[in-house]
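Colleague: You'll find query_28.txt just under this line, and it carries compact mmCIF, C-alpha atoms.
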```
# COMPACT_ATOMS: atom_id res chain seq x y z
CA MET A 1 48.17 8.10 -67.95
CA LYS A 2 49.42 11.67 -67.77
CA SER A 3 46.17 12.96 -69.28
CA ALA A 4 44.15 11.14 -66.63
CA GLU A 5 46.37 12.59 -63.92
CA ARG A 6 45.96 16.09 -65.27
CA MET A 7 42.19 15.66 -65.51
CA ALA A 8 41.96 14.32 -61.94
CA LEU A 9 44.05 17.20 -60.59
CA HIS A 10 42.00 19.74 -62.53
CA LEU A 11 38.74 18.32 -61.20
CA ALA A 12 40.02 18.00 -57.62
CA LEU A 13 41.62 21.43 -57.40
CA GLU A 14 39.73 23.66 -59.83
CA ASN A 15 36.34 22.15 -60.57
CA GLN A 16 35.04 20.21 -57.59
CA SER A 17 31.38 20.53 -58.57
CA ASP A 18 32.06 18.71 -61.86
CA ALA A 19 34.12 16.14 -59.96
CA ARG A 20 31.18 15.45 -57.64
CA GLU A 21 28.82 15.17 -60.62
CA ILE A 22 31.14 12.68 -62.35
CA ALA A 23 31.52 10.68 -59.12
CA SER A 24 27.74 10.58 -58.70
CA ALA A 25 27.27 9.41 -62.30
CA ILE A 26 29.83 6.64 -61.77
CA ILE A 27 28.07 5.47 -58.59
CA THR A 28 24.69 5.51 -60.37
CA ALA A 29 26.16 3.47 -63.24
CA LEU A 30 27.67 0.96 -60.81
CA ASP A 31 24.27 0.52 -59.18
CA LYS A 32 22.29 0.17 -62.42
CA ILE A 33 24.59 -1.63 -64.88
CA THR A 34 24.74 -5.40 -64.42
CA PRO A 35 25.65 -8.39 -66.57
CA CYS A 36 22.85 -9.67 -68.80
CA PRO A 37 21.63 -12.99 -67.34
CA VAL A 38 21.73 -14.63 -70.80
CA CYS A 39 24.85 -13.36 -72.58
CA GLY A 40 26.88 -11.58 -69.90
CA GLY A 41 26.80 -8.28 -71.80
CA LEU A 42 25.79 -5.02 -70.15
CA SER A 43 22.20 -4.50 -69.09
CA GLU A 44 20.30 -2.23 -66.75
CA ASN A 45 18.86 -3.28 -63.40
CA GLY A 46 19.43 -7.00 -63.86
CA GLY A 47 17.23 -7.43 -66.94
CA LEU A 48 18.06 -8.68 -70.41
CA CYS A 49 20.37 -6.53 -72.52
CA ASP A 50 18.98 -4.80 -75.63
CA ILE A 51 20.50 -7.42 -77.95
CA CYS A 52 19.01 -10.41 -76.09
CA LYS A 53 15.62 -8.63 -75.99
CA ASN A 54 15.69 -7.94 -79.73
CA PRO A 55 13.59 -10.55 -81.59
CA ALA A 56 15.22 -9.54 -84.90
CA ARG A 57 18.57 -10.92 -83.72
CA ALA A 58 19.34 -14.48 -84.87
CA GLU A 59 19.15 -16.85 -81.92
CA SER A 60 20.85 -19.52 -84.03
CA ALA A 61 24.21 -17.69 -84.09
CA ILE A 62 26.30 -16.74 -81.06
CA CYS A 63 29.44 -14.63 -81.16
CA VAL A 64 31.74 -15.43 -78.24
CA VAL A 65 33.81 -12.48 -76.98
CA GLU A 66 36.20 -11.88 -74.10
CA ARG A 67 34.63 -8.73 -72.65
CA ALA A 68 31.35 -6.85 -72.83
CA SER A 69 33.20 -3.93 -74.45
CA ASP A 70 34.01 -6.21 -77.41
CA ILE A 71 30.28 -6.34 -78.20
CA ASP A 72 30.27 -2.58 -78.84
CA ALA A 73 33.23 -2.89 -81.19
CA ILE A 74 31.48 -5.58 -83.24
CA GLU A 75 28.15 -3.76 -83.19
CA LYS A 76 29.78 -0.63 -84.65
CA SER A 77 30.80 -2.70 -87.68
CA GLY A 78 27.15 -3.55 -88.39
CA ALA A 79 28.23 -6.96 -89.73
CA TRP A 80 26.83 -9.30 -87.04
CA ARG A 81 23.09 -9.90 -86.59
CA GLY A 82 23.30 -12.78 -84.13
CA ARG A 83 23.55 -12.90 -80.35
CA TYR A 84 26.60 -12.72 -78.08
CA HIS A 85 28.23 -14.54 -75.21
CA VAL A 86 30.78 -12.83 -72.94
CA LEU A 87 33.39 -15.15 -71.42
CA GLY A 88 34.82 -12.57 -69.04
CA GLY A 89 38.38 -13.13 -70.21
CA LYS A 90 40.40 -15.95 -71.75
CA LEU A 91 42.31 -18.93 -70.47
CA SER A 92 45.66 -17.91 -69.04
CA PRO A 93 47.60 -20.41 -66.93
CA LEU A 94 50.23 -17.78 -66.08
CA LYS A 95 47.52 -15.54 -64.58
CA LYS A 96 45.80 -18.56 -63.00
CA ILE A 97 42.67 -18.09 -65.12
CA GLY A 98 41.12 -21.46 -65.85
CA ALA A 99 37.80 -22.43 -67.40
CA ASP A 100 36.20 -22.27 -63.93
CA LYS A 101 36.82 -18.50 -63.83
CA LEU A 102 35.21 -17.88 -67.22
CA ASN A 103 31.58 -17.90 -68.32
CA MET A 104 31.90 -21.33 -69.99
CA GLU A 105 29.11 -23.28 -68.26
CA SER A 106 26.40 -20.89 -69.40
CA LEU A 107 27.72 -21.13 -72.97
CA ALA A 108 27.40 -24.92 -72.76
CA ARG A 109 23.83 -24.52 -71.42
CA ARG A 110 22.93 -22.25 -74.34
CA LEU A 111 23.95 -25.04 -76.73
CA GLU A 112 21.81 -27.65 -74.97
CA GLY A 113 18.52 -26.42 -76.49
CA GLY A 114 19.65 -27.32 -80.00
CA GLU A 115 18.60 -24.06 -81.70
CA VAL A 116 22.17 -22.74 -81.95
CA GLU A 117 23.64 -23.50 -85.38
CA GLU A 118 26.83 -21.40 -85.30
CA ILE A 119 29.31 -20.34 -82.67
CA MET A 120 31.66 -17.63 -83.91
CA LEU A 121 34.75 -17.14 -81.79
CA ALA A 122 35.81 -13.48 -81.71
CA LEU A 123 38.71 -13.78 -79.30
CA SER A 124 42.09 -12.10 -79.36
CA ASN A 125 44.65 -13.45 -81.79
CA ASP A 126 47.21 -14.37 -79.14
CA ILE A 127 48.22 -17.63 -77.46
CA GLU A 128 45.59 -17.33 -74.71
CA GLY A 129 42.86 -16.55 -77.26
CA LYS A 130 43.85 -19.56 -79.36
CA ALA A 131 43.94 -21.81 -76.30
CA THR A 132 40.48 -20.60 -75.30
CA CYS A 133 39.17 -21.34 -78.80
CA LEU A 134 40.59 -24.87 -78.64
CA PHE A 135 39.04 -25.39 -75.20
CA ILE A 136 35.63 -24.29 -76.50
CA GLN A 137 36.02 -26.58 -79.51
CA ASP A 138 36.97 -29.61 -77.41
CA HIS A 139 34.98 -29.14 -74.20
CA ILE A 140 31.97 -26.95 -74.98
CA VAL A 141 31.00 -27.63 -78.59
CA GLY A 142 32.43 -31.18 -78.67
CA THR A 143 30.16 -33.44 -80.70
CA LYS A 144 27.19 -31.07 -80.95
CA PRO A 145 26.05 -30.33 -84.52
CA VAL A 146 27.19 -26.71 -84.41
CA LYS A 147 29.21 -24.86 -87.02
CA LEU A 148 32.26 -23.44 -85.23
CA THR A 149 33.88 -20.42 -86.87
CA ARG A 150 36.50 -17.92 -85.88
CA ILE A 151 36.75 -14.32 -87.02
CA GLY A 152 39.21 -13.68 -89.82
CA PHE A 153 42.59 -12.40 -88.91
CA GLY A 154 42.33 -8.93 -90.37
CA LEU A 155 43.19 -7.88 -86.83
CA PRO A 156 46.86 -7.59 -85.90
CA SER A 157 48.25 -10.45 -83.80
CA GLY A 158 48.26 -9.71 -80.11
CA SER A 159 45.82 -6.80 -80.40
CA GLN A 160 42.50 -6.42 -78.62
CA LEU A 161 39.20 -6.27 -80.43
CA GLY A 162 38.13 -3.08 -78.68
CA PHE A 163 40.98 -1.10 -80.26
CA ALA A 164 40.21 -2.01 -83.89
CA ASP A 165 38.29 0.30 -86.21
CA SER A 166 34.85 -0.68 -87.55
CA GLU A 167 36.07 -1.50 -91.07
CA THR A 168 38.78 -3.85 -89.80
CA ILE A 169 36.23 -5.63 -87.61
CA LYS A 170 33.77 -5.86 -90.52
CA ASN A 171 36.46 -7.40 -92.74
CA ALA A 172 37.43 -9.83 -90.00
CA LEU A 173 33.79 -10.90 -89.54
CA ASP A 174 33.20 -11.26 -93.29
CA SER A 175 36.29 -13.45 -93.66
CA ARG A 176 35.61 -15.81 -90.76
CA LYS A 177 36.25 -19.48 -91.45
CA SER A 178 35.53 -22.85 -89.92
CA PHE A 179 37.65 -23.66 -86.91
```
Show me the file's structure as structure tokens.

Modeller:
Amino acid sequence: MKSAERMALHLALENQSDAREIASAIITALDKITPCPVCGGLSENGGLCDICKNPARAESAICVVERASDIDAIEKSGAWRGRYHVLGGKLSPLKKIGADKLNMESLARRLEGGEVEEIMLALSNDIEGKATCLFIQDHIVGTKPVKLTRIGFGLPSGSQLGFADSETIKNALDSRKSF
């Protein structure tokens, strides 16, 4: 936090032209970057993201993540060749986040076509992440003939996927198991 404060003060007091350039870039990004209509990941100008457009990616396997930034963390590992689905968070009764506030309905719709064979849950290893996994198992996957897996727990409990290094994420993906 102190570093951000120092940077903001430096830009505001000593380098206003750079500050204006950064502000302009942020505004441009806000205007252009939107959620992918299929997976909820980041895309430009309302179109499909690069992963959903890529025909080499397996449509039969979907990795469910909490945030779009988690996709980047998994992609850096190079271990996943399927598609993604961003929930936009995880169930948290204390924060009043229920299934209605997450991207659950579109996940259920993606399973309706029958081409999905595996759902891999790559959610945080905390109580809310586990509850979200159980909800997906009971209410989204239900009786559909889909293999439900969860990433291995090479990640520390309570940590976030975006903070793990590529090797840890690769090991976690390689050691996933049925849920």

Colleague: Could you give me, as a list in words, the residues within 8 Å of stretch 169-177 of chain A, counting all atoms listed in the file and dropping anything in the same chain fewer than 2 positions from it?

Modeller: Ala73, Ile74, Ser77, Gly78, Ala79, Trp80, Thr149, Arg150, Ile151, Gly152, Phe153, Gly154, Leu155, Leu161, Ala164, Asp165, Ser166, Glu167 and Phe179 of chain A

Colleague: Provide the atom CA of A:Arg83 to atom CA of A:Asn54 distance in Å, to one decimal place.

Modeller: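 Atom CA of A:Asn54 lies at a distance of 9.3 Å from atom CA of A:Arg83.
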
Colleague: From the set A:Pro37, A:Gly88, A:Pro156, A:Pro93, which residue has the shortest atom-to-atom contact distance to A:Ala131, counting all atoms listed in the file?

Modeller: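 Between A:Pro37, A:Gly88, A:Pro156, A:Pro93, the residue approaching A:Ala131 most closely is A:Pro93.
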
Colleague: Give me the box for stretch 115-133 of chain A as JSON, namely the centre and edge lengths in Å to one decimal of a box along x, y and z that holds every listed atom plus 5 Å on each side.

Modeller:
```
{"center_x": 33.4, "center_y": -18.1, "center_z": -80.0, "size_x": 39.6, "size_y": 22.0, "size_z": 20.7}
```

Colleague: Measuring atom to atom with all atoms listed in the file, identify which of A:Ile127, A:Ile26, A:Met120, A:Ile136 is nearest to A:Ile62.

Modeller: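 Among the listed residues, the smallest separation from A:Ile62 belongs to A:Met120.
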
Colleague: Measure the distance from atom CA of A:Gly46 to atom CA of A:Tyr84 in Å and round it to one decimal.

Modeller: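 Taking atom CA of A:Gly46 and atom CA of A:Tyr84, their separation equals 16.9 Å.
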
Colleague: When you draw a straight line from atom CA of A:Lys53 to atom CA of A:Lys144, how long is it in Å?

Modeller: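 Between these atoms lies a distance of 25.7 Å.
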
Colleague: Find, counting all atoms listed in the file, the residue in A:Met7, A:Ala68, A:Leu123, A:Ala56 that gets nearest to A:Cys36.

Modeller: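 Smallest separation from A:Cys36 among the options: A:Ala68.
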
Colleague: Please identify all polymer residues lying at most 12 Å from the point (18.0, -26.4, -80.8) (file coordinates), using only C-alpha atoms, and present the result as a ChimeraX atom specification.

Modeller: /A:59-61,109-118,144-146

Colleague: I'd like to know which of A:Cys39, A:Leu30, A:Leu13, A:Val141 is closest to A:Ile71, using only C-alpha atoms.

Modeller: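 Of all the options, A:Cys39 lies closest to A:Ile71.
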
Colleague: Compute the distance from (30.2, -6.4, -71.6) to each atom, counting only C-alpha atoms, keep the residues with any atom at most 12 Å away, and return them as a compact mmCIF listing (two decimals) with C-alpha atoms, keeping the file's coordinate frame; use the coordinates of the file.

Modeller:
```
# COMPACT_ATOMS: atom_id res chain seq x y z
CA ILE A 33 24.59 -1.63 -64.88
CA THR A 34 24.74 -5.40 -64.42
CA PRO A 35 25.65 -8.39 -66.57
CA CYS A 36 22.85 -9.67 -68.80
CA PRO A 37 21.63 -12.99 -67.34
CA VAL A 38 21.73 -14.63 -70.80
CA CYS A 39 24.85 -13.36 -72.58
CA GLY A 40 26.88 -11.58 -69.90
CA GLY A 41 26.80 -8.28 -71.80
CA LEU A 42 25.79 -5.02 -70.15
CA SER A 43 22.20 -4.50 -69.09
CA GLU A 44 20.30 -2.23 -66.75
CA CYS A 49 20.37 -6.53 -72.52
CA ILE A 51 20.50 -7.42 -77.95
CA VAL A 64 31.74 -15.43 -78.24
CA VAL A 65 33.81 -12.48 -76.98
CA GLU A 66 36.20 -11.88 -74.10
CA ARG A 67 34.63 -8.73 -72.65
CA ALA A 68 31.35 -6.85 -72.83
CA SER A 69 33.20 -3.93 -74.45
CA ASP A 70 34.01 -6.21 -77.41
CA ILE A 71 30.28 -6.34 -78.20
CA ASP A 72 30.27 -2.58 -78.84
CA ALA A 73 33.23 -2.89 -81.19
CA ILE A 74 31.48 -5.58 -83.24
CA TYR A 84 26.60 -12.72 -78.08
CA HIS A 85 28.23 -14.54 -75.21
CA VAL A 86 30.78 -12.83 -72.94
CA LEU A 87 33.39 -15.15 -71.42
CA GLY A 88 34.82 -12.57 -69.04
CA GLY A 89 38.38 -13.13 -70.21
CA GLY A 162 38.13 -3.08 -78.68
```

Colleague: Give me, as a list in words, all polymer residues having an atom no more than 7 Å from A:Lys90, counting all atoms listed in the file and skipping those fewer than 3 positions away in the same chain.

Modeller: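 Non-adjacent residues within range: Glu66, Glu128, Gly129 and Thr132 of chain A.
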